[in-house]
file input.tsv (TSV, C-alpha atoms and all ligand atoms)
chain	number	residue	atom	x	y	z
A	1	MET	CA	1.31	-0.26	26.19
A	2	PRO	CA	3.83	-2.72	24.72
A	3	ILE	CA	5.26	-2.40	21.21
A	4	ALA	CA	4.14	-5.92	20.23
A	5	ARG	CA	2.43	-8.94	21.75
A	6	PRO	CA	2.36	-12.48	20.33
A	7	VAL	CA	-1.02	-14.16	19.80
A	8	LEU	CA	-0.89	-17.34	21.89
A	9	ASP	CA	-3.52	-19.22	23.90
A	10	GLU	CA	-4.81	-22.67	24.88
A	11	ARG	CA	-4.64	-23.86	21.27
A	12	GLU	CA	-0.84	-23.69	21.31
A	13	VAL	CA	-0.75	-25.24	24.80
A	14	GLU	CA	-2.85	-28.17	23.57
A	15	ALA	CA	-0.63	-28.62	20.51
A	16	VAL	CA	2.51	-28.84	22.65
A	17	ARG	CA	0.80	-31.19	25.08
A	18	ARG	CA	-0.06	-33.55	22.23
A	19	VAL	CA	3.58	-33.65	21.09
A	20	VAL	CA	5.07	-34.02	24.58
A	21	LEU	CA	2.83	-37.01	25.27
A	22	SER	CA	3.57	-38.56	21.86
A	23	GLY	CA	7.19	-39.18	22.88
A	24	TRP	CA	8.65	-37.87	19.60
A	25	VAL	CA	9.82	-34.30	20.14
A	26	THR	CA	12.20	-33.38	17.30
A	27	GLN	CA	12.50	-33.98	13.52
A	28	GLY	CA	9.28	-35.98	13.60
A	29	PRO	CA	5.76	-35.78	12.16
A	30	GLU	CA	5.02	-32.24	13.38
A	31	ILE	CA	8.01	-30.83	11.49
A	32	LYS	CA	6.92	-32.61	8.32
A	33	ALA	CA	3.33	-31.37	8.65
A	34	PHE	CA	4.42	-27.79	9.45
A	35	GLU	CA	6.71	-27.77	6.41
A	36	GLU	CA	3.94	-29.04	4.12
A	37	GLU	CA	1.42	-26.54	5.46
A	38	PHE	CA	3.91	-23.68	5.21
A	39	ALA	CA	4.78	-24.60	1.60
A	40	ALA	CA	1.08	-24.71	0.73
A	41	TYR	CA	0.51	-21.30	2.34
A	42	THR	CA	3.35	-19.54	0.52
A	43	GLY	CA	2.96	-21.47	-2.72
A	44	ALA	CA	6.52	-22.82	-2.55
A	45	ALA	CA	7.46	-26.28	-3.81
A	46	HIS	CA	9.65	-26.93	-0.73
A	47	ALA	CA	9.81	-25.62	2.84
A	48	CYS	CA	12.50	-26.69	5.31
A	49	ALA	CA	12.14	-25.88	9.02
A	50	VAL	CA	15.23	-24.70	10.91
A	51	SER	CA	16.16	-23.24	14.29
A	52	ASN	CA	15.74	-19.56	13.34
A	53	CYS	CA	15.99	-17.14	10.42
A	54	THR	CA	19.69	-16.45	11.00
A	55	THR	CA	20.56	-20.12	10.46
A	56	ALA	CA	18.12	-20.14	7.51
A	57	LEU	CA	20.08	-17.29	5.90
A	58	HIS	CA	23.39	-19.04	6.58
A	59	LEU	CA	22.21	-22.24	4.86
A	60	ALA	CA	20.62	-20.31	1.97
A	61	LEU	CA	23.83	-18.41	1.23
A	62	MET	CA	25.96	-21.57	1.49
A	63	ALA	CA	23.58	-23.52	-0.73
A	64	VAL	CA	23.80	-21.00	-3.59
A	65	GLY	CA	27.60	-21.22	-3.36
A	66	VAL	CA	28.66	-18.23	-1.23
A	67	GLY	CA	32.06	-18.90	0.32
A	68	PRO	CA	35.24	-17.24	1.62
A	69	GLY	CA	36.25	-14.08	-0.25
A	70	ASP	CA	32.97	-13.79	-2.15
A	71	GLU	CA	30.76	-10.70	-2.06
A	72	VAL	CA	27.04	-10.53	-1.33
A	73	VAL	CA	25.17	-7.33	-2.18
A	74	THR	CA	22.76	-6.54	0.64
A	75	VAL	CA	21.57	-3.71	2.92
A	76	SER	CA	23.15	-2.37	6.07
A	77	HIS	CA	19.72	-1.05	7.09
A	78	SER	CA	18.41	-4.31	8.57
A	79	PHE	CA	18.61	-6.35	11.73
A	80	ILE	CA	22.27	-7.34	12.14
A	81	ALA	CA	21.52	-11.01	11.40
A	82	THR	CA	21.22	-10.21	7.67
A	83	ALA	CA	24.84	-9.07	7.36
A	84	ASN	CA	26.16	-11.52	9.96
A	85	ALA	CA	24.90	-14.49	7.92
A	86	VAL	CA	27.10	-13.32	5.01
A	87	ARG	CA	30.10	-13.16	7.33
A	88	TYR	CA	29.42	-16.69	8.65
A	89	CYS	CA	30.20	-17.86	5.08
A	90	GLY	CA	33.52	-16.01	5.15
A	91	ALA	CA	32.09	-13.62	2.55
A	92	VAL	CA	31.92	-9.83	2.52
A	93	PRO	CA	28.59	-7.99	2.72
A	94	VAL	CA	28.50	-5.11	0.21
A	95	PHE	CA	26.03	-2.58	1.57
A	96	VAL	CA	23.81	-0.48	-0.67
A	97	ASP	CA	21.38	2.20	0.42
A	98	VAL	CA	17.63	1.90	0.80
A	99	GLU	CA	15.25	3.90	-1.41
A	100	ALA	CA	14.11	7.30	-0.21
A	101	GLY	CA	10.73	6.97	1.46
A	102	SER	CA	11.05	3.19	1.80
A	103	PHE	CA	13.12	0.97	4.04
A	104	ASN	CA	14.01	-1.39	1.20
A	105	MET	CA	17.01	-1.96	-1.06
A	106	ASP	CA	17.40	0.35	-4.07
A	107	PRO	CA	17.70	-1.91	-7.16
A	108	ASP	CA	19.64	0.74	-9.14
A	109	LEU	CA	22.36	0.73	-6.50
A	110	VAL	CA	22.48	-3.07	-6.49
A	111	GLU	CA	23.29	-3.02	-10.19
A	112	LYS	CA	26.19	-0.61	-9.60
A	113	ALA	CA	27.58	-2.61	-6.67
A	114	ILE	CA	27.91	-5.89	-8.60
A	115	THR	CA	31.48	-7.04	-9.29
A	116	PRO	CA	32.93	-10.32	-10.65
A	117	ARG	CA	33.11	-11.47	-6.99
A	118	THR	CA	29.36	-11.04	-6.39
A	119	LYS	CA	27.96	-14.50	-5.59
A	120	ALA	CA	24.48	-13.51	-4.37
A	121	ILE	CA	22.05	-10.66	-3.82
A	122	LEU	CA	20.37	-10.69	-0.40
A	123	CYS	CA	17.32	-8.42	-0.23
A	124	VAL	CA	15.18	-7.79	2.85
A	125	HIS	CA	11.40	-7.28	3.00
A	126	GLN	CA	11.86	-4.77	5.79
A	127	LEU	CA	9.15	-4.52	8.45
A	128	GLY	CA	7.00	-6.79	6.28
A	129	MET	CA	6.95	-4.42	3.28
A	130	PRO	CA	7.90	-6.29	0.09
A	131	ALA	CA	11.10	-5.14	-1.62
A	132	ASP	CA	10.90	-4.31	-5.34
A	133	LEU	CA	11.13	-7.93	-6.44
A	134	ALA	CA	10.12	-7.28	-10.05
A	135	ARG	CA	13.26	-5.23	-10.59
A	136	LEU	CA	15.51	-7.33	-8.35
A	137	VAL	CA	14.50	-10.63	-9.94
A	138	THR	CA	15.05	-9.24	-13.45
A	139	LEU	CA	18.44	-7.89	-12.47
A	140	ALA	CA	19.50	-11.13	-10.77
A	141	ARG	CA	18.33	-13.30	-13.71
A	142	CYS	CA	20.13	-11.12	-16.28
A	143	ARG	CA	23.39	-11.44	-14.36
A	144	ALA	CA	22.81	-15.09	-13.38
A	145	ILE	CA	23.30	-14.17	-9.72
A	146	PRO	CA	21.14	-15.97	-7.12
A	147	LEU	CA	18.61	-13.79	-5.25
A	148	ILE	CA	17.92	-14.63	-1.62
A	149	GLU	CA	15.02	-12.97	0.20
A	150	ASP	CA	15.33	-12.19	3.91
A	151	ALA	CA	11.61	-12.52	4.60
A	152	ALA	CA	12.09	-12.72	8.39
A	153	CYS	CA	9.27	-10.22	8.93
A	154	ALA	CA	7.22	-10.89	5.80
A	155	ILE	CA	5.05	-13.97	6.36
A	156	GLY	CA	1.63	-13.10	4.91
A	157	SER	CA	2.88	-10.13	2.87
A	158	GLU	CA	1.89	-10.14	-0.80
A	159	ILE	CA	3.16	-8.94	-4.12
A	160	LEU	CA	1.51	-8.39	-7.50
A	161	TRP	CA	3.17	-10.81	-9.93
A	162	ASP	CA	2.06	-11.35	-13.53
A	163	GLY	CA	-1.22	-9.66	-12.63
A	164	ASN	CA	-1.99	-11.84	-9.59
A	165	TRP	CA	-1.42	-11.35	-5.88
A	166	GLY	CA	0.97	-13.94	-4.47
A	167	LYS	CA	2.56	-14.54	-1.10
A	168	ILE	CA	6.13	-13.56	-0.28
A	169	GLY	CA	8.06	-16.83	-0.02
A	170	ARG	CA	6.84	-18.56	-3.18
A	171	PRO	CA	9.76	-17.58	-3.60
A	172	HIS	CA	10.19	-15.02	-6.37
A	173	GLY	CA	13.96	-15.12	-5.98
A	174	ASP	CA	15.77	-18.42	-5.47
A	175	VAL	CA	15.32	-18.84	-1.71
A	176	ALA	CA	13.26	-17.08	0.99
A	177	CYS	CA	14.02	-17.21	4.74
A	178	PHE	CA	11.44	-16.63	7.50
A	179	SER	CA	11.61	-16.04	11.25
A	180	PHE	CA	9.25	-17.14	14.01
A	181	HIS	CA	10.80	-14.99	16.73
A	182	PRO	CA	8.14	-13.42	19.02
A	183	ARG	CA	8.63	-9.98	17.42
A	184	LYS	CA	7.51	-11.35	14.06
A	185	VAL	CA	3.93	-11.90	12.92
A	186	ILE	CA	3.68	-15.53	14.05
A	187	THR	CA	5.96	-17.24	16.56
A	188	THR	CA	7.28	-20.60	17.69
A	189	GLY	CA	9.40	-19.00	20.44
A	190	ASP	CA	12.34	-19.19	18.09
A	191	GLY	CA	12.25	-20.81	14.68
A	192	GLY	CA	12.81	-20.37	10.98
A	193	MET	CA	11.73	-21.67	7.57
A	194	ILE	CA	13.46	-21.81	4.17
A	195	THR	CA	11.38	-21.97	1.01
A	196	THR	CA	12.55	-22.73	-2.51
A	197	ASP	CA	11.34	-24.24	-5.78
A	198	ASP	CA	14.69	-25.96	-6.37
A	199	PRO	CA	14.78	-29.55	-5.04
A	200	LYS	CA	18.61	-29.54	-5.06
A	201	LEU	CA	18.76	-26.53	-2.75
A	202	ASP	CA	16.10	-28.05	-0.49
A	203	ALA	CA	18.10	-31.27	-0.23
A	204	LYS	CA	21.15	-29.27	0.92
A	205	PHE	CA	19.14	-27.48	3.62
A	206	ARG	CA	17.82	-30.80	4.94
A	207	LEU	CA	21.27	-32.38	4.98
A	208	TRP	CA	23.10	-29.47	6.62
A	209	ARG	CA	20.50	-28.65	9.28
A	210	GLN	CA	21.01	-32.13	10.79
A	211	HIS	CA	24.85	-32.45	10.89
A	212	SER	CA	24.80	-33.70	7.25
A	213	MET	CA	23.60	-37.04	8.57
A	214	SER	CA	22.97	-39.24	5.52
A	215	VAL	CA	19.93	-41.02	6.99
A	216	SER	CA	17.36	-39.22	9.13
A	217	ASP	CA	16.22	-40.41	12.56
A	218	ALA	CA	12.72	-40.96	11.21
A	219	VAL	CA	13.97	-43.24	8.42
A	220	ARG	CA	16.15	-45.30	10.77
A	221	HIS	CA	13.32	-45.52	13.28
A	222	GLY	CA	10.92	-46.82	10.63
A	223	SER	CA	13.35	-49.25	8.99
A	224	ARG	CA	13.18	-53.02	9.49
A	225	GLN	CA	16.81	-53.26	8.54
A	226	VAL	CA	19.82	-51.99	10.44
A	227	ILE	CA	21.10	-48.81	8.77
A	228	PHE	CA	24.41	-47.08	9.52
A	229	GLU	CA	24.43	-43.37	8.79
A	230	SER	CA	27.39	-41.40	7.45
A	231	TYR	CA	28.41	-37.73	7.43
A	232	PRO	CA	29.54	-36.81	3.92
A	233	GLU	CA	29.98	-33.07	4.55
A	234	LEU	CA	30.42	-30.54	7.33
A	235	GLY	CA	26.98	-29.93	8.77
A	236	PHE	CA	25.28	-28.03	11.58
A	237	ASN	CA	22.70	-28.46	14.28
A	238	TYR	CA	20.10	-26.03	12.94
A	239	ARG	CA	17.06	-28.15	13.83
A	240	MET	CA	13.62	-26.99	14.87
A	241	THR	CA	11.85	-29.20	17.44
A	242	ASP	CA	8.45	-30.83	17.00
A	243	LEU	CA	7.24	-28.83	20.01
A	244	GLN	CA	7.96	-25.63	18.07
A	245	ALA	CA	6.49	-27.02	14.86
A	246	ALA	CA	3.24	-27.92	16.64
A	247	ILE	CA	2.96	-24.32	17.85
A	248	GLY	CA	3.82	-23.12	14.35
A	249	ARG	CA	0.97	-25.13	12.84
A	250	GLU	CA	-1.53	-23.48	15.18
A	251	GLN	CA	-0.02	-20.07	14.41
A	252	LEU	CA	-0.27	-20.71	10.68
A	253	LYS	CA	-4.01	-21.42	11.07
A	254	ARG	CA	-4.42	-18.03	12.74
A	255	LEU	CA	-2.23	-16.21	10.21
A	256	PRO	CA	-4.93	-14.97	7.78
A	257	GLU	CA	-6.87	-13.51	10.69
A	258	ILE	CA	-3.74	-11.94	12.22
A	259	VAL	CA	-2.70	-10.33	8.94
A	260	ALA	CA	-6.23	-9.01	8.31
A	261	GLU	CA	-6.29	-7.45	11.76
A	262	ARG	CA	-2.83	-5.91	11.38
A	263	ARG	CA	-3.91	-4.37	8.06
A	264	LYS	CA	-7.02	-2.92	9.68
A	265	LEU	CA	-4.95	-1.43	12.54
A	266	ALA	CA	-2.37	0.02	10.14
A	267	ALA	CA	-5.15	1.68	8.13
A	268	LEU	CA	-6.50	3.18	11.37
A	269	TYR	CA	-3.08	4.62	12.21
A	270	THR	CA	-2.84	6.13	8.74
A	271	LYS	CA	-6.27	7.70	9.23
A	272	HIS	CA	-5.52	9.05	12.73
A	273	LEU	CA	-2.07	10.36	11.78
A	274	ALA	CA	-3.15	11.98	8.49
A	275	SER	CA	-3.55	15.44	9.98
A	276	LEU	CA	-0.44	15.33	12.20
A	277	SER	CA	2.23	17.82	11.25
A	278	GLY	CA	5.87	16.75	11.29
A	279	VAL	CA	5.41	13.11	10.34
A	280	SER	CA	4.95	11.05	7.20
A	281	THR	CA	3.11	7.76	7.32
A	282	PRO	CA	4.19	4.60	5.46
A	283	ARG	CA	2.63	3.82	2.11
A	284	GLU	CA	2.37	0.58	0.15
A	285	PRO	CA	3.48	0.71	-3.47
A	286	ARG	CA	0.73	-0.23	-5.93
A	287	TRP	CA	2.27	-3.71	-6.31
A	288	ALA	CA	2.68	-4.62	-2.62
A	289	ARG	CA	0.58	-5.47	0.42
A	290	SER	CA	2.40	-5.42	3.73
A	291	ASN	CA	1.56	-7.65	6.70
A	292	TRP	CA	2.46	-4.58	8.80
A	293	GLN	CA	4.89	-6.49	11.02
A	294	SER	CA	5.83	-2.96	12.08
A	295	TYR	CA	4.22	0.41	11.47
A	296	ALA	CA	7.06	2.95	11.14
A	297	VAL	CA	6.49	6.67	10.65
A	298	MET	CA	9.18	9.18	9.68
A	299	LEU	CA	9.74	12.35	11.68
A	300	GLU	CA	10.53	15.59	9.92
A	301	ASN	CA	14.14	16.72	10.05
A	302	GLY	CA	14.87	18.56	13.31
A	303	ILE	CA	12.38	16.75	15.55
A	304	ASP	CA	14.47	14.75	18.03
A	305	GLN	CA	13.50	11.08	17.81
A	306	GLN	CA	14.65	10.06	21.28
A	307	SER	CA	12.85	12.96	22.98
A	308	VAL	CA	9.60	12.11	21.18
A	309	MET	CA	9.95	8.45	22.19
A	310	GLN	CA	10.72	9.41	25.81
A	311	ALA	CA	7.70	11.72	26.02
A	312	MET	CA	5.50	8.85	24.83
A	313	LEU	CA	7.11	6.39	27.24
A	314	ASP	CA	6.38	8.88	30.04
A	315	GLU	CA	2.73	8.44	29.06
A	316	GLY	CA	3.13	4.63	29.20
A	317	ILE	CA	3.46	4.01	25.46
A	318	SER	CA	6.39	1.95	24.15
A	319	THR	CA	7.88	2.77	20.76
A	320	ARG	CA	11.07	1.71	18.98
A	321	ARG	CA	13.44	3.69	16.81
A	322	GLY	CA	13.93	2.87	13.13
A	323	ILE	CA	15.77	-0.26	12.05
A	324	MET	CA	19.49	-0.31	12.82
A	325	ASN	CA	22.38	-0.05	10.37
A	326	SER	CA	25.01	-2.78	10.60
A	327	HIS	CA	27.80	-0.52	9.26
A	328	LEU	CA	27.43	1.75	12.30
A	329	GLU	CA	27.79	-1.03	14.89
A	330	PRO	CA	31.14	-1.77	16.57
A	331	ALA	CA	31.13	-5.27	15.07
A	332	TYR	CA	31.42	-3.62	11.63
A	333	LYS	CA	32.42	0.02	11.97
A	334	GLY	CA	35.92	0.81	10.72
A	335	SER	CA	36.56	-2.83	9.83
A	336	THR	CA	37.19	-4.67	6.58
A	337	ALA	CA	34.28	-6.97	7.40
A	338	PHE	CA	32.11	-5.09	4.91
A	339	ARG	CA	32.34	-2.86	1.86
A	340	ALA	CA	30.10	0.14	1.15
A	341	GLY	CA	28.60	-0.42	-2.29
A	342	SER	CA	27.04	3.06	-2.24
A	343	ALA	CA	26.58	6.04	0.07
A	344	LEU	CA	24.29	4.98	2.93
A	345	GLY	CA	22.58	8.31	3.63
A	346	TYR	CA	18.95	7.18	3.53
A	347	SER	CA	19.78	4.15	5.69
A	348	GLU	CA	21.09	6.49	8.39
A	349	ILE	CA	18.15	8.90	8.03
A	350	ALA	CA	15.75	5.96	8.39
A	351	GLN	CA	17.43	4.80	11.59
A	352	ASN	CA	17.46	8.28	13.10
A	353	ARG	CA	14.04	9.55	12.10
A	354	ALA	CA	11.73	6.53	12.02
A	355	VAL	CA	9.57	5.72	15.03
A	356	ILE	CA	7.83	2.35	15.25
A	357	LEU	CA	4.43	2.54	16.95
A	358	PRO	CA	2.71	-0.25	18.93
A	359	LEU	CA	0.72	-2.60	16.71
A	360	PHE	CA	-0.60	-6.02	17.75
A	361	PRO	CA	-3.82	-8.02	17.35
A	362	GLY	CA	-6.33	-7.11	20.02
A	363	MET	CA	-5.60	-3.38	19.88
A	364	THR	CA	-8.76	-1.30	19.66
A	365	GLU	CA	-9.44	1.78	17.54
A	366	ASN	CA	-9.52	3.70	20.81
A	367	GLN	CA	-5.99	2.57	21.65
A	368	ILE	CA	-4.78	3.57	18.19
A	369	ALA	CA	-6.32	7.01	18.76
A	370	ILE	CA	-4.62	7.24	22.18
A	371	VAL	CA	-1.22	6.46	20.64
A	372	ALA	CA	-1.82	8.98	17.84
A	373	ASP	CA	-2.78	11.68	20.37
A	374	SER	CA	0.24	10.92	22.54
A	375	PHE	CA	2.47	11.07	19.45
A	376	ASP	CA	0.97	14.43	18.49
A	377	ARG	CA	1.54	15.85	22.01
A	378	ALA	CA	5.10	14.51	22.08
A	379	ILE	CA	5.99	16.12	18.75
A	380	LYS	CA	4.50	19.48	19.78
A	381	GLN	CA	6.33	19.37	23.10
A	382	VAL	CA	9.67	18.50	21.50
A	383	ARG	CA	9.23	21.23	18.87
A	384	GLU	CA	8.50	23.84	21.55
A	385	LEU	CA	11.56	22.86	23.57
A	386	THR	CA	13.72	22.96	20.41
A	387	THR	CA	12.41	26.44	19.53
A	388	GLN	CA	13.05	27.70	23.07
A	389	ALA	CA	16.59	26.30	23.04
A	390	ALA	CA	17.26	28.07	19.74
B	1	LIG	C1	14.39	-10.91	12.98
B	1	LIG	C2	15.17	-10.82	11.77
B	1	LIG	C3	16.19	-11.75	11.47
B	1	LIG	C4	16.63	-12.80	12.44
B	1	LIG	O1	15.64	-13.74	12.74
B	1	LIG	P1	15.92	-14.82	13.90
B	1	LIG	O2	14.81	-15.80	13.72
B	1	LIG	O3	15.83	-14.09	15.20
B	1	LIG	O4	17.25	-15.41	13.67
B	1	LIG	C5	16.85	-11.64	10.26
B	1	LIG	N1	16.55	-10.66	9.39
B	1	LIG	C6	15.60	-9.73	9.65
B	1	LIG	C7	15.30	-8.69	8.62
B	1	LIG	C8	14.89	-9.77	10.86
B	1	LIG	O5	13.98	-8.85	11.10
call {"tool": "encode", "arguments": {"input": "input.tsv", "output": "structure tokens", "more": "lines below"}}
Ligand SMILES: *Cc1c(COP(=O)(O)O)cnc(C)c1O
result
Amino acid sequence: MPIARPVLDEREVEAVRRVVLSGWVTQGPEIKAFEEEFAAYTGAAHACAVSNCTTALHLALMAVGVGPGDEVVTVSHSFIATANAVRYCGAVPVFVDVEAGSFNMDPDLVEKAITPRTKAILCVHQLGMPADLARLVTLARCRAIPLIEDAACAIGSEILWDGNWGKIGRPHGDVACFSFHPRKVITTGDGGMITTDDPKLDAKFRLWRQHSMSVSDAVRHGSRQVIFESYPELGFNYRMTDLQAAIGREQLKRLPEIVAERRKLAALYTKHLASLSGVSTPREPRWARSNWQSYAVMLENGIDQQSVMQAMLDEGISTRRGIMNSHLEPAYKGSTAFRAGSALGYSEIAQNRAVILPLFPGMTENQIAIVADSFDRAIKQVRELTTQAA
């Protein structure tokens, strides 16, 4: 059993076929339509499509003014792209720990890590679970520091805001960045989206994603007058293609159904794992609804993660360990590329004790029960071996 499986069929094939035969395959009408539909879904004023979430984060940080020598308070406990994007700006990621029992940034530690060099706060909605935006937004506003949300995994996740449920990506901070990599909830192969309510930020994203070209291809194509473009600033090629956007539009139509199914499957896991000893299951805070991009359970101290995962793989069930920590990777470890803004104990515990279980649309309750049983057997087996060794 795989850990994840994207939901793709003839509808996506047909969408790509339509674009291929149209003769316009990048920065055309499909991009525009995908952006409008994505903005409508999240409730954002602006959505700008880009090549992936890493480039989205790079542009977001640059647009709020992060540059060489600046600091960005973020988490180490995330996919490495989060911290790397800060380094692309020549800035220093300042890592704070995640909250105990959650995989998300601890707002109290953010407050303590802020210095006069802090130019942005970059939070992550890890595994689709919303970070504590109410506290982070208040903190960021009080200090007049921009808040960027790494929402790579969080399309379809929701948060209670002023008494109403709203989508992650409205955004609640200044900018939110999404990923359409196949491991996320919807996919365009690769792809990303940046949402914001600020038209000035949106204009920067649009300029920089296309080499800072002053006039777009679409405008020149449609003009009856000859137009010469210029390049006022250093830009990038961070474009999404219309082929990807056409797939994204189909995926967006399926999104409500996908999220509903993921929530149903996560609830089944919680039910089947309730009586298991040695594990704790994830819980949503009162103010958050996850899209369950991943379902991660924590093992009790002393139960070897890798052995449990191997025992399950021997039964044909794929799992993944908890999210990585950038500060432990060779690209960071022992270097001046980052600064620890707090102890990172819970981040390391989360990496070493979390196990991500298979979860994808199309799974049956029976399959969930099979995984839960296999997990139970694996834990018992590993415990027995540990006791014997001792
Ligand atoms: C996947 C992921 C990214 C990177 O997304 P890409 O689209 O692959 O660039 C960034 N941050 C987090 C938290 C992720 O999970």
call {"tool": "atom_distance", "arguments": {"input": "input.tsv", "atom1": "atom CA of Arg283 of chain A", "atom2": "atom CA of Lys271 of chain A"}}
result
12.0 Å
call {"tool": "closest_atom_pairs", "arguments": {"input": "input.tsv", "of": "chain A", "to": "ligand LIG 1 (chain B)", "cutoff": "9 Å", "atoms": "all atoms listed in the file", "output": "CSV"}}
result
residue,atom,partner,partner_atom,distance
A:Ser51,CA,B:LIG1,O2,7.6
A:Asn52,CA,B:LIG1,O2,3.9
A:Cys53,CA,B:LIG1,O2,3.8
A:Thr54,CA,B:LIG1,O4,3.8
A:Thr55,CA,B:LIG1,O4,6.6
A:Ala56,CA,B:LIG1,O4,7.8
A:Leu57,CA,B:LIG1,C5,7.8
A:His77,CA,B:LIG1,C7,9.0
A:Ser78,CA,B:LIG1,C7,5.4
A:Phe79,CA,B:LIG1,C6,5.0
A:Ile80,CA,B:LIG1,N1,7.2
A:Ala81,CA,B:LIG1,C5,4.8
A:Thr82,CA,B:LIG1,N1,5.0
A:Ala83,CA,B:LIG1,N1,8.7
A:Ala85,CA,B:LIG1,C5,8.9
A:Val124,CA,B:LIG1,C7,5.8
A:His125,CA,B:LIG1,C7,7.0
A:Gln126,CA,B:LIG1,C7,5.9
A:Leu127,CA,B:LIG1,O5,7.0
A:Gly128,CA,B:LIG1,O5,8.7
A:Asp150,CA,B:LIG1,N1,5.8
A:Ala151,CA,B:LIG1,C7,6.7
A:Ala152,CA,B:LIG1,C8,4.8
A:Cys153,CA,B:LIG1,O5,5.4
A:Ala154,CA,B:LIG1,O5,8.8
A:Cys177,CA,B:LIG1,C5,8.3
A:Phe178,CA,B:LIG1,O2,7.1
A:Ser179,CA,B:LIG1,O2,4.0
A:Phe180,CA,B:LIG1,O2,5.7
A:His181,CA,B:LIG1,O2,5.1
A:Pro182,CA,B:LIG1,O3,8.6
A:Arg183,CA,B:LIG1,C1,7.3
A:Lys184,CA,B:LIG1,C1,7.0
A:Asp190,CA,B:LIG1,O2,6.1
A:Gly191,CA,B:LIG1,O2,5.7
A:Gly192,CA,B:LIG1,O2,5.7
A:Ile323,CA,B:LIG1,O5,8.8
call {"tool": "residues_around", "arguments": {"input": "input.tsv", "residues": "His58 of chain A", "least_positions_apart": "4", "cutoff": "9 Å", "atoms": "only C-alpha atoms", "output": "PyMOL selection string"}}
result
chain A and resi 53-54+62-63+84-89
call {"tool": "residues_around", "arguments": {"input": "input.tsv", "residues": "segment 355-364 of chain A", "least_positions_apart": "5", "cutoff": "6 Å", "atoms": "only C-alpha atoms", "output": "PyMOL selection string"}}
result
chain A and resi 3-5+295-297+319-322
call {"tool": "atom_distance", "arguments": {"input": "input.tsv", "atom1": "atom CA of Val98 of chain A", "atom2": "atom CA of Ser347 of chain A"}}
result
5.8 Å
call {"tool": "closest_residue", "arguments": {"input": "input.tsv", "among": "A:Leu265, A:Ala47, A:Ile379, A:Ile155", "to": "Asp197 of chain A", "atoms": "only C-alpha atoms"}}
result
A:Ala47
call {"tool": "atom_distance", "arguments": {"input": "input.tsv", "atom1": "atom CA of Ser307 of chain A", "atom2": "atom CA of Ala343 of chain A"}}
result
27.6 Å
call {"tool": "closest_residue", "arguments": {"input": "input.tsv", "among": "A:Pro256, A:Pro2, A:Gly248, A:Pro107", "to": "Ala131 of chain A", "atoms": "all atoms listed in the file"}}
result
A:Pro107
call {"tool": "residues_around", "arguments": {"input": "input.tsv", "residues": "Arg17 of chain A", "least_positions_apart": "5", "cutoff": "10 Å", "atoms": "only C-alpha atoms", "output": "ChimeraX atom specification"}}
result
/A:11-12,22,243,246
call {"tool": "closest_atom_pairs", "arguments": {"input": "input.tsv", "of": "segment 226-265 of chain A", "to": "segment 37-40 of chain A", "cutoff": "12 Å", "atoms": "all atoms listed in the file", "output": "tab-separated table"}}
result
residue	atom	partner	partner_atom	distance
A:Ala245	CA	A:Phe38	CA	10.5
A:Ala246	CA	A:Glu37	CA	11.4
A:Gly248	CA	A:Phe38	CA	9.2
A:Arg249	CA	A:Glu37	CA	7.5
A:Glu250	CA	A:Glu37	CA	10.6
A:Gln251	CA	A:Phe38	CA	10.6
A:Leu252	CA	A:Phe38	CA	7.5
A:Lys253	CA	A:Glu37	CA	9.3
A:Leu255	CA	A:Phe38	CA	10.9
call {"tool": "write_last_selection", "arguments": {"input": "input.tsv", "atoms": "C-alpha atoms", "output": "PDB file, in the frame of the given file"}}
result
ATOM      1  CA  ALA A 245       6.490 -27.020  14.860  1.00  0.00           C
ATOM      2  CA  ALA A 246       3.240 -27.920  16.640  1.00  0.00           C
ATOM      3  CA  GLY A 248       3.820 -23.120  14.350  1.00  0.00           C
ATOM      4  CA  ARG A 249       0.970 -25.130  12.840  1.00  0.00           C
ATOM      5  CA  GLU A 250      -1.530 -23.480  15.180  1.00  0.00           C
ATOM      6  CA  GLN A 251      -0.020 -20.070  14.410  1.00  0.00           C
ATOM      7  CA  LEU A 252      -0.270 -20.710  10.680  1.00  0.00           C
ATOM      8  CA  LYS A 253      -4.010 -21.420  11.070  1.00  0.00           C
ATOM      9  CA  LEU A 255      -2.230 -16.210  10.210  1.00  0.00           C
TER      10      LEU A 255
END
call {"tool": "closest_residue", "arguments": {"input": "input.tsv", "among": "A:Gly302, A:Pro285, A:Pro199, A:Gly334", "to": "His46 of chain A", "atoms": "all atoms listed in the file"}}
result
A:Pro199
call {"tool": "closest_residue", "arguments": {"input": "input.tsv", "among": "A:Ser277, A:Gln210, A:Ser157, A:Thr241", "to": "Glu30 of chain A", "atoms": "all atoms listed in the file"}}
result
A:Thr241
call {"tool": "residues_around", "arguments": {"input": "input.tsv", "residues": "Thr195 of chain A", "least_positions_apart": "2", "cutoff": "7 Å", "atoms": "all atoms listed in the file", "output": "PyMOL selection string"}}
result
chain A and resi 44+46-48+169+171+175-177+193
call {"tool": "write_last_selection", "arguments": {"input": "input.tsv", "atoms": "C-alpha atoms", "output": "compact mmCIF listing (two decimals), keeping the file's coordinate frame"}}
result
# COMPACT_ATOMS: atom_id res chain seq x y z
CA ALA A 44 6.52 -22.82 -2.55
CA HIS A 46 9.65 -26.93 -0.73
CA ALA A 47 9.81 -25.62 2.84
CA CYS A 48 12.50 -26.69 5.31
CA GLY A 169 8.06 -16.83 -0.02
CA PRO A 171 9.76 -17.58 -3.60
CA VAL A 175 15.32 -18.84 -1.71
CA ALA A 176 13.26 -17.08 0.99
CA CYS A 177 14.02 -17.21 4.74
CA MET A 193 11.73 -21.67 7.57
